[in-house]
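Chemist: Pasting in a structure now, in structure tokens, and then I'll have a few things to ask.
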Amino acid sequence: MQVPSCTLYQYMIDNMPEPQIEAIHYYGNGISWETIFEQAEVCAKALRALGFGEGSQIPVFLRSVPEFIYLLLAAEKIGASLLCRDNTIRENVDAVVKAQATTIIAHDFLSMEEKNAYVNAGVEHIVLLSPFNSCERENMPDYIQSSLASNYNHTPAKGREIMSWQEFLEEGKGFEGKVEAETNIDRPLYRCYTSGSTGPSKQVIHTAHSLIGVLAQMNFYGGETNHRPTWMVTVLPPALVAVVVSMMLLPLVSRKLLILNPWVDVYDIDLELIRYKPNNWPMIPMFIEILMNSKRIPADYDMSHLLAAGAGAEACNNTQLKRVQKFLESHNCKVPFTTGYGSSEAGSNITFHISDVPAGNGNVGCPMPLTTVAIFKPGTFQELDYGQDGEICVHGPGVMYGYDNEEATAKALIRHPDGKVWLHMGDMGHIDEDGHIYTVGRGTNKRYGGGFLDVLPMENMLADANIPGIEDQFFVNIPDQEHRGYQEPYLYVVLKDGYTIKDIEAQVKATLEPHMVPTHIIQLKKRPFWHFKTNRIGLTNEVLAARAVKGKEKKQQDRPIKKPFSRLQKQ
């Protein structure tokens, strides 16, 4: 296996079946391979007409619509890069300012308030794309139309800065200057931001070479010999590396039919599963939770249409895996539910799950064929032996170009004495003698008095204890208020009806090692999500905010009561 040294544009041409074959299905509309390349050419000219060229950063705030693919190929053609972000308007504006961009591309439900924020930051042109540009509204089910309509519940952006997508394309048709830049597969092509769920959000930069580096190792995934498999993408935006690489580009270059379904409400994905019956559907823990809680999936619904079932985005503990596997088996799903491992910095996937090795206990599979994974003692170049926990580091063709910050890049991409540049993940884990990687948590979380608070093993200890009453559980490590640099474990639980924390507390403490015993056990109605991951950062902020309020109240209580001065004392 080798990674081709070519552009993404050429790689897609080399892997397409026939130009007239449908490549993308978008709400009743079939988009051929021929159309993809034709639209990419027109977009490239239009981008040039608006002043973009070699080295430009093109801010794109779109959902997973066909036009995103056109723009990505067009950006490569002119030597530019797409800049994607899906955060607050303030963060999005900051990214545009940093890129020194005067033109952005967004959907036509951009509000007047958002438009003014961009214009005040120096944006001169805003290209607005309708979600119906590549489909007809009537081909969408009512519940999707309703979900889409909810984006328009404010004053729409207007003004001289606004340009429609059609006007944008017309600019391209009339452009007669130079379009194609000199080929360079190692220049920035795709920029996005990490979710910020495990720390400050950072801009990750990938090239055509690194994107293809992942695709070339994955393009057999989810395949079938007897028919052309379908591949559905729901809700998740292209501001995430995994969405662009493993969910949109991968099915295209592996000749599957890509079904783009960005406008369904996340709580209606059960209906889309039933409607499309996809062979492949990239899931995350939040999606599978919604399916398991759905009242609309018939008890006898057959899920054997799935050729692969697994979840990315974050680790699943043994409790989650047991519940999901039981659910899939009850619906005749023929494949095991698995978990993989990857990151934005690694271009998406790092591992594949080996089907005959059960998921669980942090097992995320083996490295992809051209990817090397090693475990190093944190802060050193010392490689650890089998079974020893340390920092997971990666060397391979999918590793990022870098961050947009040199200092941050230097901390993540480090040249080792072996001459290779290794990506330091910041995640902790180990490798067994068969090459399976086991993750244990993020960073070295130490508890005052001794011991490490490795979240996943702690959760799995409780999962394997089968404590009556616990439906779901997870840990959040909170900074220790009394001892700087240390953490305290908070346990969050979802309990079955009729159970309270008092019913489980003693067995929780008896199951865990002394240093793992939670400082607090907090009951939730359901697992909270943010950016499609368990909202650990939100729960951490809640605890820290409560501490701040409590500390302020204590200061007021401890303040000595001063008696009023008499007139004589004042004199």
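All residue names refer to the structure tokens as shown: chains lettered A, B, ... in order, residues numbered from 1 in each chain, ligands numbered from 1 in order.
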Could you list, as a ChimeraX atom specification, every residue within 10 Å of stretch 88-97 of chain A, counting only C-alpha atoms and ignoring same-chain residues fewer than 3 positions away?
Modeler: /A:57-61,83-85,100-104,113-115,117-123,192-193,201,203
Chemist: How would you write, as JSON, numbers by chain, the set of residues in stretch 278-519 of chain A that DSSP gives as alpha helix (DSSP H)?
Modeler: {"A": [285, 286, 287, 288, 289, 290, 291, 292, 293, 318, 319, 320, 321, 322, 323, 324, 325, 326, 327, 328, 329, 330, 406, 407, 408, 409, 410, 411, 412, 455, 456, 457, 458, 459, 460, 461, 462, 463, 464, 465, 501, 502, 503, 504, 505, 506, 507, 508, 509, 510, 511]}
Chemist: When you draw a straight line from atom CA of A:Pro417 to atom CA of A:His395, how long is it in Å?
Modeler: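 Interatomic distance here is 13.5 Å.
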Chemist: When you look at A:Pro278 with a cut-off of 7 Å (counting only C-alpha atoms), what residues show up, excluding the ones that are within fewer than 3 positions of it in the same chain? I need them as a list in words.
Modeler: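 Surrounding residues, per the criterion: Thr230, Trp231, Met232, Leu273, Trp281, His305 and Leu306 of chain A.
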Chemist: For N, CA and C atoms, I'd like the residues from the last selection saved as a CSV table (one decimal), in the first residue's frame.
Modeler:
```csv
chain,number,residue,atom,x,y,z
A,230,THR,N,-24.4,2.1,0.3
A,230,THR,CA,-24.7,3.5,0.5
A,230,THR,C,-24.1,3.9,1.8
A,231,TRP,N,-23.9,5.2,1.9
A,231,TRP,CA,-23.2,5.8,3.1
A,231,TRP,C,-23.9,7.1,3.4
A,232,MET,N,-24.5,7.2,4.6
A,232,MET,CA,-25.3,8.4,5.0
A,232,MET,C,-24.6,9.2,6.0
A,273,LEU,N,-32.8,6.8,9.6
A,273,LEU,CA,-32.3,5.4,9.6
A,273,LEU,C,-33.3,4.5,8.9
A,281,TRP,N,-23.3,4.2,8.2
A,281,TRP,CA,-23.8,5.5,8.8
A,281,TRP,C,-22.8,5.9,9.9
A,305,HIS,N,-29.2,-4.2,7.5
A,305,HIS,CA,-28.7,-3.4,6.4
A,305,HIS,C,-27.3,-2.8,6.7
A,306,LEU,N,-27.0,-2.6,8.0
A,306,LEU,CA,-25.7,-2.0,8.4
A,306,LEU,C,-24.6,-3.0,8.2
```
Chemist: Pick the closest to A:Glu180 from A:Pro4, A:Gly342, A:Gly79, A:Gly441: which is it, counting only C-alpha atoms?
Modeler: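 Going through A:Pro4, A:Gly342, A:Gly79, A:Gly441 one by one, the smallest distance to A:Glu180 is for A:Gly79.
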Chemist: Report, in Å to a single decimal, how far apart atom CA of A:Met283 and atom CA of A:Met12 are.
Modeler: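 Answer for the atom CA of A:Met12 to atom CA of A:Met283 separation: 24.4 Å.
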